[in-house]
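Heads up, model.txt below (compact mmCIF, C-alpha atoms):
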```txt
# COMPACT_ATOMS: atom_id res chain seq x y z
CA MET A 1 0.00 0.00 0.00
CA ALA A 2 1.44 3.36 -1.11
CA THR A 3 1.87 6.07 1.44
CA LEU A 4 2.06 9.85 1.07
CA THR A 5 5.85 9.63 1.09
CA ASP A 6 6.01 6.93 -1.57
CA PRO A 7 8.21 8.21 -4.51
CA ALA A 8 6.00 6.47 -7.04
CA ARG A 9 2.94 8.26 -5.72
CA ILE A 10 4.77 11.61 -5.74
CA ASP A 11 5.95 11.16 -9.35
CA ALA A 12 2.47 10.22 -10.46
CA ALA A 13 0.94 13.35 -8.94
CA PRO A 14 -0.13 15.83 -11.63
CA ALA A 15 1.75 19.14 -11.85
CA PRO A 16 -0.15 22.17 -10.61
CA ALA A 17 -1.90 24.06 -13.36
CA VAL A 18 -0.34 27.39 -14.29
CA PRO A 19 -2.98 30.04 -14.85
CA ASP A 20 -2.99 31.58 -18.30
CA PRO A 21 -2.05 35.25 -18.47
CA PRO A 22 -4.94 37.61 -18.94
CA THR A 23 -5.75 37.66 -22.63
CA GLY A 24 -7.03 41.25 -22.71
CA ARG A 25 -3.80 42.66 -21.27
CA THR A 26 -1.63 40.69 -23.74
CA VAL A 27 -3.68 41.85 -26.72
CA GLY A 28 -3.63 45.41 -25.47
CA SER A 29 0.15 45.33 -25.04
CA ARG A 30 0.58 43.98 -28.55
CA VAL A 31 -1.71 46.61 -30.01
CA LEU A 32 0.10 49.35 -28.12
CA GLY A 33 3.50 48.03 -29.20
CA GLY A 34 2.42 47.75 -32.84
CA THR A 35 0.96 51.26 -32.79
CA SER A 36 4.12 52.75 -31.29
CA GLN A 37 6.31 50.94 -33.82
CA GLY A 38 4.12 52.12 -36.67
CA PHE A 39 4.31 55.69 -35.38
CA VAL A 40 8.11 55.48 -35.18
CA LEU A 41 8.30 54.14 -38.75
CA VAL A 42 6.06 56.91 -40.09
CA TRP A 43 8.02 59.54 -38.19
CA GLY A 44 11.33 58.13 -39.46
CA ALA A 45 10.04 58.18 -43.05
CA MET A 46 8.93 61.82 -42.65
CA VAL A 47 12.43 62.74 -41.49
CA VAL A 48 14.55 60.59 -43.81
CA PHE A 49 12.65 61.11 -47.07
CA PRO A 50 13.12 64.92 -47.35
CA LEU A 51 16.76 64.53 -46.35
CA LEU A 52 17.35 61.84 -48.97
CA TRP A 53 15.52 63.89 -51.60
CA ALA A 54 17.69 66.94 -50.89
CA VAL A 55 20.89 64.87 -51.15
CA LEU A 56 19.84 63.32 -54.46
CA SER A 57 18.81 66.74 -55.81
CA SER A 58 22.30 68.03 -55.08
CA PHE A 59 23.64 65.69 -57.79
CA LYS A 60 21.11 66.76 -60.45
CA SER A 61 21.05 69.59 -62.90
CA ASP A 62 18.47 72.33 -62.57
CA ALA A 63 16.49 70.88 -65.48
CA ASP A 64 16.37 67.43 -63.87
CA ILE A 65 15.21 68.88 -60.56
CA PHE A 66 12.09 70.31 -62.24
CA LYS A 67 11.49 67.61 -64.87
CA SER A 68 12.00 64.51 -62.72
CA PRO A 69 12.13 65.55 -59.06
CA TRP A 70 11.44 62.04 -57.70
CA SER A 71 13.84 60.03 -59.86
CA LEU A 72 17.53 59.30 -59.52
CA PRO A 73 19.94 61.66 -61.30
CA SER A 74 20.39 60.76 -64.96
CA VAL A 75 23.91 62.22 -64.75
CA TRP A 76 25.67 62.67 -61.41
CA HIS A 77 26.87 66.30 -61.32
CA TRP A 78 29.70 66.34 -58.78
CA ASP A 79 30.64 69.82 -59.93
CA ASN A 80 27.64 71.20 -58.01
CA PHE A 81 29.60 70.84 -54.78
CA SER A 82 32.68 72.65 -56.03
CA ARG A 83 30.49 75.44 -57.38
CA ALA A 84 28.65 75.76 -54.07
CA TRP A 85 31.92 75.64 -52.10
CA ASN A 86 33.71 78.30 -54.16
CA GLU A 87 31.20 80.46 -56.00
CA SER A 88 28.48 80.45 -53.34
CA HIS A 89 31.07 80.83 -50.53
CA ILE A 90 29.82 77.81 -48.61
CA GLY A 91 33.44 77.08 -47.71
CA THR A 92 33.79 80.45 -45.98
CA TYR A 93 30.49 80.02 -44.13
CA PHE A 94 31.49 76.49 -43.16
CA PHE A 95 34.76 77.52 -41.52
CA ASN A 96 33.07 80.46 -39.79
CA SER A 97 30.61 78.03 -38.25
CA VAL A 98 33.40 75.67 -37.19
CA ILE A 99 35.21 78.48 -35.35
CA VAL A 100 32.10 79.79 -33.58
CA VAL A 101 30.50 76.44 -32.75
CA CYS A 102 33.68 74.76 -31.49
CA GLY A 103 34.51 77.80 -29.37
CA GLY A 104 30.95 77.96 -28.04
CA VAL A 105 30.86 74.26 -27.15
CA LEU A 106 34.21 74.34 -25.34
CA LEU A 107 33.31 77.47 -23.38
CA THR A 108 29.90 76.05 -22.50
CA LEU A 109 31.43 72.83 -21.16
CA LEU A 110 34.04 74.72 -19.15
CA LEU A 111 31.66 77.20 -17.52
CA SER A 112 28.71 74.86 -17.00
CA SER A 113 30.85 72.11 -15.47
CA ALA A 114 32.36 74.56 -12.96
CA VAL A 115 28.95 75.98 -12.03
CA ALA A 116 27.35 72.53 -11.82
CA TYR A 117 30.13 71.22 -9.59
CA VAL A 118 29.69 74.09 -7.14
CA LEU A 119 25.90 73.73 -7.07
CA ALA A 120 26.13 69.96 -6.60
CA ARG A 121 28.83 69.90 -3.89
CA PHE A 122 28.44 73.04 -1.82
CA GLU A 123 25.55 74.46 0.18
CA PHE A 124 25.56 78.25 0.52
CA PRO A 125 22.89 80.95 0.84
CA GLY A 126 21.12 81.29 -2.48
CA SER A 127 22.44 78.07 -4.00
CA ARG A 128 18.97 76.63 -4.57
CA LEU A 129 17.76 79.93 -5.98
CA LEU A 130 20.72 80.06 -8.36
CA TYR A 131 20.01 76.51 -9.47
CA TYR A 132 16.37 77.31 -10.23
CA VAL A 133 17.44 80.43 -12.13
CA PHE A 134 19.37 78.19 -14.52
CA VAL A 135 16.44 75.77 -14.70
CA GLY A 136 14.09 78.66 -15.45
CA GLY A 137 16.35 79.72 -18.29
CA MET A 138 15.44 76.51 -20.11
CA VAL A 139 11.82 77.62 -20.52
CA PHE A 140 12.48 81.31 -21.19
CA PRO A 141 11.78 82.19 -24.87
CA GLY A 142 15.07 83.25 -26.37
CA PHE A 143 13.58 85.61 -28.94
CA MET A 144 12.28 87.84 -26.14
CA ALA A 145 15.88 88.68 -25.18
CA LEU A 146 17.09 89.51 -28.69
CA VAL A 147 16.70 93.29 -28.43
CA PRO A 148 18.49 93.76 -25.06
CA LEU A 149 21.05 91.16 -26.13
CA PHE A 150 21.79 93.13 -29.27
CA PHE A 151 22.46 96.31 -27.32
CA VAL A 152 24.61 94.50 -24.75
CA VAL A 153 26.79 92.97 -27.46
CA GLN A 154 26.94 96.29 -29.29
CA ASN A 155 28.01 98.20 -26.14
CA LEU A 156 30.75 95.65 -25.55
CA GLY A 157 32.05 96.22 -29.07
CA LEU A 158 31.55 92.56 -30.00
CA LEU A 159 28.98 92.95 -32.75
CA ASN A 160 29.93 91.10 -35.98
CA THR A 161 32.80 89.27 -34.23
CA TYR A 162 33.54 85.63 -33.58
CA LEU A 163 34.07 86.31 -29.88
CA GLY A 164 30.66 87.94 -29.52
CA LEU A 165 28.89 84.94 -31.04
CA ILE A 166 30.95 82.49 -28.98
CA LEU A 167 30.04 84.25 -25.73
CA VAL A 168 26.37 84.44 -26.65
CA TYR A 169 26.27 80.79 -27.72
CA ALA A 170 27.95 79.72 -24.48
CA THR A 171 25.56 81.64 -22.24
CA HIS A 172 22.60 80.48 -24.32
CA GLY A 173 23.52 76.83 -23.79
CA MET A 174 24.42 76.98 -20.11
CA SER A 175 20.90 76.51 -18.70
CA PHE A 176 20.44 72.96 -19.94
CA SER A 177 24.12 72.10 -19.41
CA VAL A 178 24.10 73.21 -15.75
CA PHE A 179 20.81 71.41 -15.12
CA PHE A 180 22.13 68.16 -16.63
CA LEU A 181 25.62 68.25 -15.10
CA THR A 182 24.39 69.21 -11.63
CA ALA A 183 22.38 66.01 -11.45
CA PHE A 184 25.37 64.13 -12.85
CA PHE A 185 27.86 65.49 -10.29
CA ARG A 186 25.49 64.62 -7.44
CA THR A 187 25.89 60.94 -8.33
CA GLN A 188 29.69 61.06 -8.06
CA SER A 189 31.50 59.79 -4.97
CA LYS A 190 32.12 62.47 -2.32
CA GLU A 191 34.85 60.35 -0.69
CA LEU A 192 37.17 60.83 -3.69
CA ALA A 193 36.87 64.60 -3.50
CA GLU A 194 37.38 64.63 0.27
CA ALA A 195 40.44 62.36 0.00
CA ALA A 196 41.96 64.64 -2.65
CA LEU A 197 41.37 67.71 -0.48
CA VAL A 198 43.02 65.98 2.48
CA ASP A 199 46.04 65.22 0.30
CA GLY A 200 46.41 68.92 -0.46
CA CYS A 201 44.59 69.19 -3.78
CA SER A 202 42.72 72.45 -4.42
CA HIS A 203 39.07 72.62 -5.41
CA TRP A 204 40.09 73.41 -9.00
CA GLY A 205 42.37 70.39 -8.91
CA VAL A 206 39.53 68.19 -7.68
CA LEU A 207 37.32 69.47 -10.47
CA PHE A 208 39.78 69.04 -13.34
CA ARG A 209 41.71 65.99 -12.15
CA ILE A 210 38.97 63.88 -10.57
CA MET A 211 35.43 65.06 -11.26
CA LEU A 212 35.67 65.94 -14.95
CA PRO A 213 37.26 62.59 -15.91
CA LEU A 214 34.52 60.80 -13.98
CA ALA A 215 31.88 62.96 -15.67
CA ARG A 216 33.19 62.28 -19.17
CA PRO A 217 30.02 60.47 -20.40
CA GLY A 218 27.88 63.42 -19.34
CA LEU A 219 30.28 65.96 -20.85
CA VAL A 220 30.30 64.08 -24.15
CA SER A 221 26.50 64.01 -24.25
CA ILE A 222 26.24 67.71 -23.44
CA GLY A 223 28.91 68.55 -26.01
CA ILE A 224 27.05 66.68 -28.75
CA PHE A 225 23.71 68.28 -27.93
CA GLN A 226 25.28 71.73 -27.82
CA PHE A 227 27.11 71.18 -31.10
CA LEU A 228 23.94 70.15 -32.90
CA GLY A 229 21.98 73.08 -31.47
CA MET A 230 24.67 75.68 -32.16
CA TRP A 231 25.35 74.43 -35.69
CA ASN A 232 21.65 74.77 -36.59
CA GLU A 233 21.17 78.12 -34.81
CA TYR A 234 19.86 80.84 -37.13
CA LEU A 235 18.13 83.56 -35.12
CA LEU A 236 21.08 84.62 -32.95
CA PRO A 237 23.63 85.05 -35.77
CA LEU A 238 20.98 86.76 -37.89
CA VAL A 239 20.66 89.50 -35.26
CA LEU A 240 24.25 89.69 -34.00
CA ASN A 241 26.21 89.02 -37.18
CA THR A 242 25.43 91.22 -40.19
CA ASP A 243 28.89 91.09 -41.79
CA GLU A 244 28.53 88.87 -44.86
CA SER A 245 32.17 87.79 -44.72
CA ARG A 246 31.48 86.32 -41.25
CA TYR A 247 28.18 84.62 -42.07
CA LEU A 248 27.61 81.19 -40.57
CA VAL A 249 26.30 78.23 -42.54
CA THR A 250 22.67 78.86 -41.65
CA GLN A 251 22.93 82.50 -42.70
CA GLY A 252 24.80 81.56 -45.86
CA LEU A 253 22.16 79.02 -46.89
CA ALA A 254 19.39 81.55 -46.33
CA ASN A 255 21.32 84.09 -48.38
CA ILE A 256 21.89 81.57 -51.16
CA ALA A 257 18.21 80.62 -51.14
CA VAL A 258 17.34 84.26 -51.84
CA THR A 259 20.09 85.20 -54.29
CA GLN A 260 20.46 81.91 -56.15
CA GLY A 261 16.72 81.70 -56.62
CA TYR A 262 16.92 84.53 -59.10
CA HIS A 263 19.72 82.72 -60.97
CA SER A 264 17.86 79.37 -60.93
CA ASP A 265 20.88 77.62 -59.42
CA PHE A 266 18.88 75.23 -57.28
CA SER A 267 21.41 72.43 -57.76
CA GLY A 268 24.06 74.60 -56.10
CA LEU A 269 21.63 75.39 -53.29
CA PHE A 270 20.98 71.69 -52.61
CA ALA A 271 24.71 70.99 -52.78
CA GLY A 272 25.34 73.67 -50.16
CA LEU A 273 22.58 72.22 -48.02
CA THR A 274 24.14 68.76 -48.24
CA ILE A 275 27.55 70.14 -47.24
CA SER A 276 26.01 71.80 -44.18
CA ILE A 277 24.31 68.54 -43.16
CA LEU A 278 27.48 66.44 -43.26
CA PRO A 279 29.04 67.64 -39.95
CA VAL A 280 25.80 67.01 -38.07
CA LEU A 281 25.49 63.48 -39.47
CA ALA A 282 29.17 62.77 -38.84
CA VAL A 283 29.00 63.88 -35.20
CA TYR A 284 25.82 61.91 -34.55
CA LEU A 285 27.06 58.72 -36.22
CA ALA A 286 30.38 58.93 -34.39
CA PHE A 287 28.96 59.59 -30.92
CA HIS A 288 25.40 58.22 -30.89
CA ARG A 289 26.38 55.47 -28.43
CA GLN A 290 27.99 58.01 -26.11
CA ILE A 291 24.71 59.96 -26.08
CA SER A 292 22.73 57.02 -24.67
CA THR A 293 25.57 56.15 -22.26
CA GLY A 294 25.81 59.69 -20.93
CA MET A 295 22.05 60.05 -20.55
CA THR A 296 21.79 56.88 -18.45
CA ALA A 297 25.12 56.96 -16.59
CA GLY A 298 23.83 59.17 -13.81
CA ALA A 299 20.72 57.05 -13.32
CA LEU A 300 22.66 53.79 -13.11
CA LYS A 301 25.11 54.91 -10.40
```
What is this structure when it is put down as structure tokens?
Amino acid sequence: MATLTDPARIDAAPAPAVPDPPTGRTVGSRVLGGTSQGFVLVWGAMVVFPLLWAVLSSFKSDADIFKSPWSLPSVWHWDNFSRAWNESHIGTYFFNSVIVVCGGVLLTLLLSSAVAYVLARFEFPGSRLLYYVFVGGMVFPGFMALVPLFFVVQNLGLLNTYLGLILVYATHGMSFSVFFLTAFFRTQSKELAEAALVDGCSHWGVLFRIMLPLARPGLVSIGIFQFLGMWNEYLLPLVLNTDESRYLVTQGLANIAVTQGYHSDFSGLFAGLTISILPVLAVYLAFHRQISTGMTAGALK
């Protein structure tokens, strides 16, 4: 006679039934996932298709652009790029943008990292207020400050200069940079900074030798975001930079769109547009993994 502890009886016992997951929730999750994926595909097509069309148009002649705008170029006109670079002065505008944007990004990273480190590590009267001032700058409409900003830059004698645009770009990008880096520095180890101070290191030494290397993922992310925003900026240089020899790429393209339109040189215009897009694509393709790493590094520590 088998008992409750008999192995044969235990093996013969049926396994407990596992309840099926709720069907409605599974179907709803699938529908939601399919809808979100479809939305992403449609959004990606809306972004990629105009970009691809502009690049293909840069290799066409003006006649092909109007006769067959949706087809591939019958003859690939590489000379459009040399004409846009030399005759339309895209090369000059390109190097002007490189000088201003690189200077603005470096100055933004230097100033915002110093401010964020102080706000994250030290408590002093008005520190919270100062932090919320920078946060409030993120929602303040920039165009409302154009008139007083113009007179400030003019009184400083920096109108139509590289330095004036670099300073304005740096201050314009500090709000988001300080907000992001303050949260990043708060996740760093305080013991490292205290140990360095005990060993005789100054606060500047702690910042540059310890904290900034640890905050490299965040600095890379901020640098990429600032580069993309500054490269595509149009309103600020339009107001503060009226010297045509110092036009940036965005100003140069707008000027070409007006002047070249009368000459029907649309192929040169699309070639100049393609040249201006290349740095943005290169920076994103080179550092897109660093963007996701920097955005999540502070949350994972």
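Proximity ranking of A:Met211, A:Val239, A:Leu181, A:Leu167 relative to Ala196 in chain A places A:Met211 first, based on all atoms listed in the file.
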(message) Taking only C-alpha atoms into account, name the residue in A:Leu269, A:Asn232, A:Val168, A:Gly205 that is nearest to Val153 in chain A.
(response) A:Val168
(request) Could you tell me how far CA of Ser245 in chain A lies from CA of Ala257 in chain A, in Å and to one decimal? (result)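 Taking CA of Ser245 in chain A and CA of Ala257 in chain A, their separation equals 17.0 Å.
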(request) Could you give me, as a VMD selection string, the residues that have an atom at most 8 Å away from the point (19.8, 82.7, -22.6) in the coordinates of the file, using all atoms listed in the file? (result) chain A and resid 137 to 138 140 142 145 168 171 to 175
(message) Please report the interatomic distance between CA of Leu32 in chain A and CA of Pro50 in chain A in Å with one decimal.
(response)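 For CA of Leu32 in chain A relative to CA of Pro50 in chain A, the distance reads 28.0 Å.
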(request) Pick out the closest residue to Pro73 in chain A from this set: A:Asn86, A:Leu56, A:Leu214, A:Ser127. Count all atoms listed in the file. (result) A:Leu56
(message) So, with all atoms listed in the file as the atoms that count, which of A:Ser68, A:Thr182, A:Ser221, A:Gln251 lies closest to Glu233 in chain A?
(response)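 For Glu233 in chain A, the nearest of the candidates is A:Gln251.
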(message) Using Å and a single decimal, report how far CA of Tyr162 in chain A sits from CA of Thr92 in chain A.
(response)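 One can read the CA of Thr92 in chain A to CA of Tyr162 in chain A distance as 13.4 Å.
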(request) Within 10 Å of Met230 in chain A, counting only C-alpha atoms, which residues show up once you throw out same-chain ones fewer than 4 positions away? Write them as a list in words, please. (result) Ser97, Val100, Val101, Cys102, Gly104, Val105, Ile166, Tyr169, Ala170, His172, Gly173, Ile224, Phe225, Gln226, Tyr234 and Leu236 of chain A
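Distance check against Ser113 in chain A using only C-alpha atoms: of A:Val31, A:Leu238, A:Val198, A:Ala183, the minimum falls on A:Ala183.
Take the candidates A:Gly229, A:Gly136, A:Gly33, A:Gly44 and check each one against Val280 in chain A using all atoms listed in the file; the shortest distance goes to A:Gly229.
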(message) Please list, as number ranges by chain, the residues that have an atom at most 12 Å away from (24.4, 81.2, -49.9) in the coordinates of this file, counting all atoms listed in the file.
(response) A: 83-94, 244-245, 247-261, 265-266, 268-273, 275-276
For range 135-234 of chain A in the structure I just supplied, write out C-alpha atoms - as a compact mmCIF listing (two decimals), in the first residue's frame.
```
# COMPACT_ATOMS: atom_id res chain seq x y z
CA VAL A 135 16.44 75.77 -14.70
CA GLY A 136 14.09 78.66 -15.45
CA GLY A 137 16.35 79.72 -18.29
CA MET A 138 15.44 76.51 -20.11
CA VAL A 139 11.82 77.62 -20.52
CA PHE A 140 12.48 81.31 -21.19
CA PRO A 141 11.78 82.19 -24.87
CA GLY A 142 15.07 83.25 -26.37
CA PHE A 143 13.58 85.61 -28.94
CA MET A 144 12.28 87.84 -26.14
CA ALA A 145 15.88 88.68 -25.18
CA LEU A 146 17.09 89.51 -28.69
CA VAL A 147 16.70 93.29 -28.43
CA PRO A 148 18.49 93.76 -25.06
CA LEU A 149 21.05 91.16 -26.13
CA PHE A 150 21.79 93.13 -29.27
CA PHE A 151 22.46 96.31 -27.32
CA VAL A 152 24.61 94.50 -24.75
CA VAL A 153 26.79 92.97 -27.46
CA GLN A 154 26.94 96.29 -29.29
CA ASN A 155 28.01 98.20 -26.14
CA LEU A 156 30.75 95.65 -25.55
CA GLY A 157 32.05 96.22 -29.07
CA LEU A 158 31.55 92.56 -30.00
CA LEU A 159 28.98 92.95 -32.75
CA ASN A 160 29.93 91.10 -35.98
CA THR A 161 32.80 89.27 -34.23
CA TYR A 162 33.54 85.63 -33.58
CA LEU A 163 34.07 86.31 -29.88
CA GLY A 164 30.66 87.94 -29.52
CA LEU A 165 28.89 84.94 -31.04
CA ILE A 166 30.95 82.49 -28.98
CA LEU A 167 30.04 84.25 -25.73
CA VAL A 168 26.37 84.44 -26.65
CA TYR A 169 26.27 80.79 -27.72
CA ALA A 170 27.95 79.72 -24.48
CA THR A 171 25.56 81.64 -22.24
CA HIS A 172 22.60 80.48 -24.32
CA GLY A 173 23.52 76.83 -23.79
CA MET A 174 24.42 76.98 -20.11
CA SER A 175 20.90 76.51 -18.70
CA PHE A 176 20.44 72.96 -19.94
CA SER A 177 24.12 72.10 -19.41
CA VAL A 178 24.10 73.21 -15.75
CA PHE A 179 20.81 71.41 -15.12
CA PHE A 180 22.13 68.16 -16.63
CA LEU A 181 25.62 68.25 -15.10
CA THR A 182 24.39 69.21 -11.63
CA ALA A 183 22.38 66.01 -11.45
CA PHE A 184 25.37 64.13 -12.85
CA PHE A 185 27.86 65.49 -10.29
CA ARG A 186 25.49 64.62 -7.44
CA THR A 187 25.89 60.94 -8.33
CA GLN A 188 29.69 61.06 -8.06
CA SER A 189 31.50 59.79 -4.97
CA LYS A 190 32.12 62.47 -2.32
CA GLU A 191 34.85 60.35 -0.69
CA LEU A 192 37.17 60.83 -3.69
CA ALA A 193 36.87 64.60 -3.50
CA GLU A 194 37.38 64.63 0.27
CA ALA A 195 40.44 62.36 0.00
CA ALA A 196 41.96 64.64 -2.65
CA LEU A 197 41.37 67.71 -0.48
CA VAL A 198 43.02 65.98 2.48
CA ASP A 199 46.04 65.22 0.30
CA GLY A 200 46.41 68.92 -0.46
CA CYS A 201 44.59 69.19 -3.78
CA SER A 202 42.72 72.45 -4.42
CA HIS A 203 39.07 72.62 -5.41
CA TRP A 204 40.09 73.41 -9.00
CA GLY A 205 42.37 70.39 -8.91
CA VAL A 206 39.53 68.19 -7.68
CA LEU A 207 37.32 69.47 -10.47
CA PHE A 208 39.78 69.04 -13.34
CA ARG A 209 41.71 65.99 -12.15
CA ILE A 210 38.97 63.88 -10.57
CA MET A 211 35.43 65.06 -11.26
CA LEU A 212 35.67 65.94 -14.95
CA PRO A 213 37.26 62.59 -15.91
CA LEU A 214 34.52 60.80 -13.98
CA ALA A 215 31.88 62.96 -15.67
CA ARG A 216 33.19 62.28 -19.17
CA PRO A 217 30.02 60.47 -20.40
CA GLY A 218 27.88 63.42 -19.34
CA LEU A 219 30.28 65.96 -20.85
CA VAL A 220 30.30 64.08 -24.15
CA SER A 221 26.50 64.01 -24.25
CA ILE A 222 26.24 67.71 -23.44
CA GLY A 223 28.91 68.55 -26.01
CA ILE A 224 27.05 66.68 -28.75
CA PHE A 225 23.71 68.28 -27.93
CA GLN A 226 25.28 71.73 -27.82
CA PHE A 227 27.11 71.18 -31.10
CA LEU A 228 23.94 70.15 -32.90
CA GLY A 229 21.98 73.08 -31.47
CA MET A 230 24.67 75.68 -32.16
CA TRP A 231 25.35 74.43 -35.69
CA ASN A 232 21.65 74.77 -36.59
CA GLU A 233 21.17 78.12 -34.81
CA TYR A 234 19.86 80.84 -37.13
```
